[in-house]
Each structure stands twice: as structure tokens, then as C-alpha cells.
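File shown: upload_14.txt. Contents: compact mmCIF, C-alpha atoms.
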# COMPACT_ATOMS: atom_id res chain seq x y z
CA MET A 131 -36.91 -114.90 -225.80
CA ASP A 132 -33.27 -114.06 -226.40
CA VAL A 133 -30.81 -116.71 -225.28
CA THR A 134 -27.06 -116.23 -225.37
CA LEU A 135 -24.80 -119.24 -225.21
CA TYR A 136 -21.66 -117.26 -224.58
CA THR A 137 -21.00 -115.46 -221.33
CA ARG A 138 -17.31 -114.67 -221.79
CA THR A 139 -16.75 -115.69 -218.15
CA GLY A 140 -14.67 -118.67 -219.26
CA ASP A 141 -12.45 -116.76 -221.63
CA SER A 142 -9.66 -116.57 -219.05
CA GLY A 143 -9.51 -120.35 -218.64
CA GLU A 144 -11.76 -120.67 -215.61
CA THR A 145 -15.24 -122.14 -215.27
CA GLY A 146 -17.99 -121.88 -212.71
CA LEU A 147 -18.98 -124.78 -210.49
CA LEU A 148 -22.56 -125.66 -209.70
CA TYR A 149 -23.82 -123.46 -206.83
CA GLY A 150 -20.81 -121.17 -207.00
CA GLY A 151 -17.06 -121.07 -207.05
CA ARG A 152 -14.66 -120.86 -209.96
CA VAL A 153 -11.82 -123.20 -210.90
CA SER A 154 -9.40 -123.65 -213.75
CA LYS A 155 -10.82 -125.52 -216.72
CA ASN A 156 -8.10 -128.15 -216.22
CA ASP A 157 -8.95 -128.64 -212.53
CA PRO A 158 -9.27 -132.35 -211.64
CA ARG A 159 -12.91 -131.76 -210.72
CA VAL A 160 -13.64 -130.36 -214.18
CA GLU A 161 -11.76 -133.28 -215.75
CA ALA A 162 -13.95 -135.72 -213.77
CA TYR A 163 -17.33 -134.22 -214.62
CA GLY A 164 -16.16 -133.38 -218.15
CA ALA A 165 -15.47 -137.06 -218.75
CA VAL A 166 -18.95 -137.88 -217.42
CA ASP A 167 -20.36 -135.40 -219.94
CA GLU A 168 -18.37 -137.05 -222.74
CA ALA A 169 -19.71 -140.46 -221.72
CA ILE A 170 -23.28 -139.14 -221.76
CA SER A 171 -22.72 -137.99 -225.34
CA ALA A 172 -21.15 -141.29 -226.45
CA MET A 173 -24.07 -143.15 -224.91
CA GLY A 174 -26.47 -140.82 -226.75
CA LEU A 175 -24.74 -141.79 -229.98
CA ALA A 176 -25.23 -145.46 -229.11
CA ARG A 177 -28.88 -144.86 -228.29
CA SER A 178 -29.40 -143.14 -231.64
CA TYR A 179 -27.93 -146.16 -233.48
CA THR A 180 -29.79 -149.00 -231.78
CA SER A 181 -33.21 -150.33 -232.68
CA ASP A 182 -33.31 -152.50 -229.54
CA GLU A 183 -35.88 -150.95 -227.17
CA PHE A 184 -34.29 -152.49 -224.07
CA VAL A 185 -30.91 -150.98 -224.98
CA LYS A 186 -32.49 -147.58 -225.76
CA THR A 187 -34.41 -147.49 -222.50
CA LEU A 188 -31.46 -148.60 -220.38
CA ILE A 189 -29.08 -146.12 -221.99
CA MET A 190 -31.54 -143.25 -221.42
CA LYS A 191 -31.85 -144.24 -217.75
CA LEU A 192 -28.06 -144.39 -217.39
CA GLN A 193 -27.61 -141.04 -219.13
CA LYS A 194 -30.02 -139.41 -216.67
CA GLU A 195 -28.18 -140.97 -213.73
CA LEU A 196 -24.91 -139.65 -215.10
CA PHE A 197 -26.32 -136.12 -215.00
CA VAL A 198 -26.66 -136.64 -211.25
CA VAL A 199 -23.07 -137.92 -211.05
CA GLY A 200 -21.82 -134.95 -213.06
CA SER A 201 -23.79 -132.48 -210.95
CA GLU A 202 -22.40 -133.95 -207.75
CA LEU A 203 -18.86 -133.78 -209.13
CA ALA A 204 -19.43 -130.17 -210.29
CA THR A 205 -20.28 -129.09 -206.74
CA SER A 206 -17.56 -127.87 -204.41
CA SER A 207 -17.43 -129.24 -200.88
CA GLU A 208 -18.47 -125.78 -199.63
CA SER A 209 -21.69 -125.95 -201.70
CA TYR A 210 -22.49 -129.64 -201.14
CA GLU A 211 -25.38 -128.93 -198.73
CA LYS A 212 -26.97 -126.74 -201.41
CA PHE A 213 -26.59 -129.60 -203.89
CA LEU A 214 -28.41 -131.92 -201.46
CA GLU A 215 -31.34 -129.50 -201.36
CA HIS A 216 -31.90 -130.03 -205.10
CA PHE A 217 -30.58 -133.50 -205.92
CA SER A 218 -30.35 -136.95 -204.43
CA PRO A 219 -26.67 -137.90 -204.42
CA VAL A 220 -25.30 -141.05 -205.98
CA ASN A 221 -26.38 -143.80 -203.61
CA LYS A 222 -26.10 -147.49 -202.85
CA GLU A 223 -29.49 -148.22 -204.45
CA MET A 224 -28.18 -146.92 -207.77
CA VAL A 225 -25.23 -149.32 -207.48
CA ILE A 226 -27.51 -152.24 -206.54
CA ASN A 227 -29.69 -151.52 -209.58
CA LEU A 228 -26.61 -151.61 -211.82
CA GLU A 229 -25.62 -154.95 -210.31
CA LYS A 230 -29.10 -156.34 -211.05
CA VAL A 231 -28.83 -155.26 -214.68
CA LEU A 232 -25.33 -156.71 -214.87
CA ASP A 233 -26.51 -160.06 -213.49
CA GLU A 234 -29.48 -160.16 -215.89
CA LEU A 235 -27.32 -159.44 -218.92
CA MET A 236 -24.68 -161.96 -217.85
CA GLU A 237 -27.42 -164.63 -217.91
CA ILE A 238 -28.09 -163.82 -221.57
CA VAL A 239 -24.60 -163.10 -222.93
CA LYS A 240 -21.90 -165.73 -222.88
CA LEU A 241 -18.49 -164.12 -223.00
CA PRO A 242 -15.49 -165.74 -224.64
CA PRO A 243 -12.38 -166.24 -222.48
CA ASN A 244 -10.48 -163.66 -224.56
CA PHE A 245 -10.25 -159.91 -224.97
CA ILE A 246 -13.07 -158.63 -227.19
CA VAL A 247 -12.18 -156.11 -229.87
CA PRO A 248 -14.77 -153.29 -229.87
CA GLY A 249 -16.55 -152.40 -233.09
CA SER A 250 -18.76 -155.30 -234.13
CA SER A 251 -21.51 -152.72 -234.71
CA PRO A 252 -21.78 -148.92 -234.54
CA THR A 253 -23.99 -149.21 -231.45
CA SER A 254 -21.65 -151.44 -229.48
CA ALA A 255 -18.66 -149.32 -230.55
CA ALA A 256 -20.38 -146.20 -229.15
CA ILE A 257 -21.28 -148.06 -225.94
CA ASP A 258 -17.66 -149.19 -225.59
CA LEU A 259 -16.52 -145.62 -226.18
CA GLY A 260 -18.82 -144.52 -223.35
CA ARG A 261 -17.40 -147.30 -221.16
CA SER A 262 -13.81 -146.24 -221.70
CA ILE A 263 -14.69 -142.60 -220.99
CA ILE A 264 -16.41 -143.70 -217.76
CA ARG A 265 -13.17 -145.47 -216.78
CA ARG A 266 -11.31 -142.17 -217.30
CA SER A 267 -13.85 -140.35 -215.17
CA GLU A 268 -13.45 -143.03 -212.50
CA ARG A 269 -9.68 -142.43 -212.45
CA CYS A 270 -10.28 -138.68 -212.12
CA VAL A 271 -12.68 -139.25 -209.22
CA VAL A 272 -10.10 -141.43 -207.48
CA THR A 273 -7.67 -138.51 -207.74
CA LEU A 274 -10.30 -136.18 -206.25
CA LYS A 275 -10.97 -138.66 -203.46
CA GLN A 276 -7.25 -138.81 -202.64
CA GLN A 277 -7.27 -134.99 -202.49
CA ASN A 278 -10.25 -135.06 -200.07
CA GLN A 279 -12.48 -133.33 -202.63
CA VAL A 280 -15.05 -136.14 -202.95
CA PHE A 281 -16.84 -137.36 -199.86
CA ASN A 282 -19.40 -139.72 -201.41
CA ASP A 283 -17.71 -143.12 -201.86
CA GLN A 284 -20.70 -144.32 -203.87
CA ILE A 285 -19.57 -142.25 -206.88
CA ILE A 286 -16.48 -144.37 -207.47
CA ILE A 287 -18.43 -147.58 -206.89
CA TYR A 288 -21.19 -146.41 -209.24
CA LEU A 289 -18.74 -145.52 -212.03
CA ASN A 290 -16.91 -148.81 -211.61
CA ARG A 291 -20.13 -150.81 -211.85
CA LEU A 292 -21.43 -148.66 -214.72
CA ALA A 293 -18.34 -149.45 -216.80
CA ASP A 294 -19.05 -153.16 -216.26
CA VAL A 295 -22.68 -152.70 -217.29
CA LEU A 296 -21.66 -150.84 -220.44
CA PHE A 297 -19.18 -153.59 -221.33
CA ILE A 298 -21.83 -156.31 -221.11
CA LEU A 299 -24.48 -154.07 -222.72
CA ALA A 300 -22.26 -153.70 -225.79
CA ARG A 301 -21.97 -157.49 -225.96
CA TYR A 302 -25.75 -157.81 -225.47
CA GLN A 303 -26.30 -155.38 -228.35
CA ASP A 304 -24.15 -157.65 -230.54
CA ARG A 305 -25.48 -160.94 -229.15
CA GLU A 306 -26.43 -162.10 -232.67
CA LEU A 307 -22.99 -161.22 -234.07
CA ASP A 308 -19.61 -162.89 -233.76
CA PHE A 309 -17.20 -161.14 -231.41
CA GLU A 310 -13.75 -160.36 -232.74
CA VAL A 311 -11.36 -161.57 -230.05
CA VAL A 312 -7.67 -161.32 -229.32
CA THR A 313 -5.94 -164.64 -228.83
CA GLY A 314 -2.34 -165.75 -228.57
CA GLU A 315 -2.57 -166.49 -232.29
CA ASN A 316 -3.38 -162.89 -233.25
CA SER A 317 -0.44 -161.02 -234.62
CA LEU A 318 0.24 -157.94 -236.68
If you took the structure in this file and wrote it as C-alpha cells, what would it be?
Amino acid sequence: MDVTLYTRTGDSGETGLLYGGRVSKNDPRVEAYGAVDEAISAMGLARSYTSDEFVKTLIMKLQKELFVVGSELATSSESYEKFLEHFSPVNKEMVINLEKVLDELMEIVKLPPNFIVPGSSPTSAAIDLGRSIIRRSERCVVTLKQQNQVFNDQIIIYLNRLADVLFILARYQDRELDFEVVTGENSL
């Protein structure tokens, strides 16, 4: 079977949305789902580094959920009903599940009362990279919401909660290591 990765349809600076429609590659919608895609990749890097089965399994679950988030963001409001025929949208149950994971991890990990410097291990650094990319996506989705281009409020809530989960997951990954923190005594 011959497969071509290039279509040339994006050569003019536009891209196709899921279920139809074309927008500029720098459209806020593309920025939002593009950041989700980046986060999925960063989380894949983290998953490839870790030997902790809990972390691997959780990251894979979160990556799959982010494909749903990205798909929903890549669908125009005109095509949203078509999206609903093929996917379940981001929903409150997904948020509740993130909160359960967050609560479980907070029982295990004791955080210092300081800022934590990312990078205690390659895995946690990749998780933190994913977290910061999710925060960017969240900001992009807020912009879309303000422009009346996102109608599912659960997306913003999900991304917000996911960033918290990734923060604590990185600390969980490094639970046997010392955290590098920023205190009032730190200076250049």
C-alpha cells in the first residue's frame, strides 16, 4: 500500500480542521490543539524514560484522553455535531477521575513549601515539560472560549486539572529523590 505523508494542501499556510473547514496555521484553534499535541509528545518522552509501571500506565491513559481533547479542539462549531457522532466530548467524569488521581498522589507525595525546580530526573523533567505545554494550551482555550469558539466548559477544567496531576506525577516519579527548591536564600 502506498502512503503519502505530504498533501501539499498546507503549503499556503492553511490547515484542515477535523470534519471540514480550513483555517490559518496560526489560528488560535490550531495553537490550542497544537499545544495539546506537543504535550502528548512530551508525555510520551516521559513514558519512555520511566520504569515505574503506575507512571507508564497513567501517562498512556492521559495521552489517549488528550487525543480526545485535541480532536474536540480541532472541530469547528459548524462540525461539532459530526464530532459527537464519533467521539465522547471531554466531560465531568474525566475531570473527577483526574481529581481522584490527584488526591491519591497527594497522599503519597509531601511537597515542600517552596517552588520546585524541574529536572531531578529525565522522566520528571519530561512530565514537567508536558505540564507547562498543557498550561499554554489552557491559555489558548481560554482565548477560544472568549471568542465563542469553544462551547464545552469541561475542556478548560480538564486541562487545568491535568496540569495539576502532571505536577504531582513528576514529584511522585522523583519521590525517592531530593527536590531542588527555590528559597529566599537562592541567588545567582
* Asked: So what do you get for CA of Arg291 in chain A versus CA of Asn244 in chain A, distance-wise?
  ->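 Result for CA of Arg291 in chain A versus CA of Asn244 in chain A: 20.5 Å, one decimal.
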Can you list, as a CSV table (one decimal) with C-alpha atoms, in the coordinates of the input, every protein, DNA or RNA residue that comes within 9 Å of Ile287 in chain A when you count only C-alpha atoms, leaving out same-chain residues fewer than 3 positions away?
chain,number,residue,atom,x,y,z
A,222,LYS,CA,-26.1,-147.5,-202.8
A,225,VAL,CA,-25.2,-149.3,-207.5
A,268,GLU,CA,-13.4,-143.0,-212.5
A,283,ASP,CA,-17.7,-143.1,-201.9
A,284,GLN,CA,-20.7,-144.3,-203.9
A,290,ASN,CA,-16.9,-148.8,-211.6
A,291,ARG,CA,-20.1,-150.8,-211.8
A,292,LEU,CA,-21.4,-148.7,-214.7
* At what distance in Å, to one decimal, does CA of Met173 in chain A lie from CA of Glu234 in chain A? -> 20.0 Å
* Using all atoms listed in the file, which of the listed residues (A:Gly174, A:Pro158, A:Gly200, A:Gly143) sits closest to Thr253 in chain A? ->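 With all atoms listed in the file as the atom set, the closest residue is A:Gly174.
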* In terms of the shortest atom-to-atom distance over only C-alpha atoms, which of A:Ile263, A:Val185, A:Met236, A:Leu241 is closest to Glu168 in chain A? -> A:Ile263
* Using all atoms listed in the file, which of A:Asn221, A:Phe184, A:Asp304, A:Val166 sits nearest Phe197 in chain A? ->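 Among the listed residues, the smallest separation from Phe197 in chain A belongs to A:Val166.
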* 10 Å contact set for Arg301 in chain A, only C-alpha atoms, chain neighbours under 2 positions out, as a list in words -> Leu235, Met236, Ile238, Val239, Lys240, Leu241, Ile246, Pro248, Ser250, Ser251, Ser254, Ala255, Ile257, Asp258, Val295, Leu296, Phe297, Ile298, Leu299, Gln303, Asp304, Arg305, Glu306, Leu307, Asp308 and Phe309 of chain A
* To do: Kindly give the distance, in Å, that separates CA of Cys270 in chain A and CA of Tyr149 in chain A, rounded to a single decimal.
  =>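 The value is 21.0 Å.
When all atoms listed in the file are used to compute distances to Lys186 in chain A, the closest of the residues A:Gly249, A:Ala300, A:Val271, A:Lys230 turns out to be A:Ala300.
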* Might you pull out every residue within 7 Å of Gly260 in chain A, with only C-alpha atoms counted and same-chain residues fewer than 4 positions away left off, and present them as a list in words? =>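 Listing them by chain and then by number gives Ala169, Ala172, Met173, Ala256 and Ile264 of chain A.
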* Leu274 in chain A: which residues within 10 Å, counting all atoms listed in the file, same-chain residues fewer than 4 positions away excluded, as number ranges by chain? -> A: 157-159, 162, 203, 268-270, 278-281
* **Of the listed residues A:Val272, A:Ile286, A:Leu259, A:Val247, that which approaches Thr313 in chain A most closely, counting only C-alpha atoms** =>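 Once distances to Thr313 in chain A are computed over only C-alpha atoms, the minimum belongs to A:Val247.
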* For Ser142 in chain A, please output as a ChimeraX atom specification all residues within 12 Å (counting all atoms listed in the file; exclusion window: fewer than 5 positions along the same chain). => /A:137,152-155
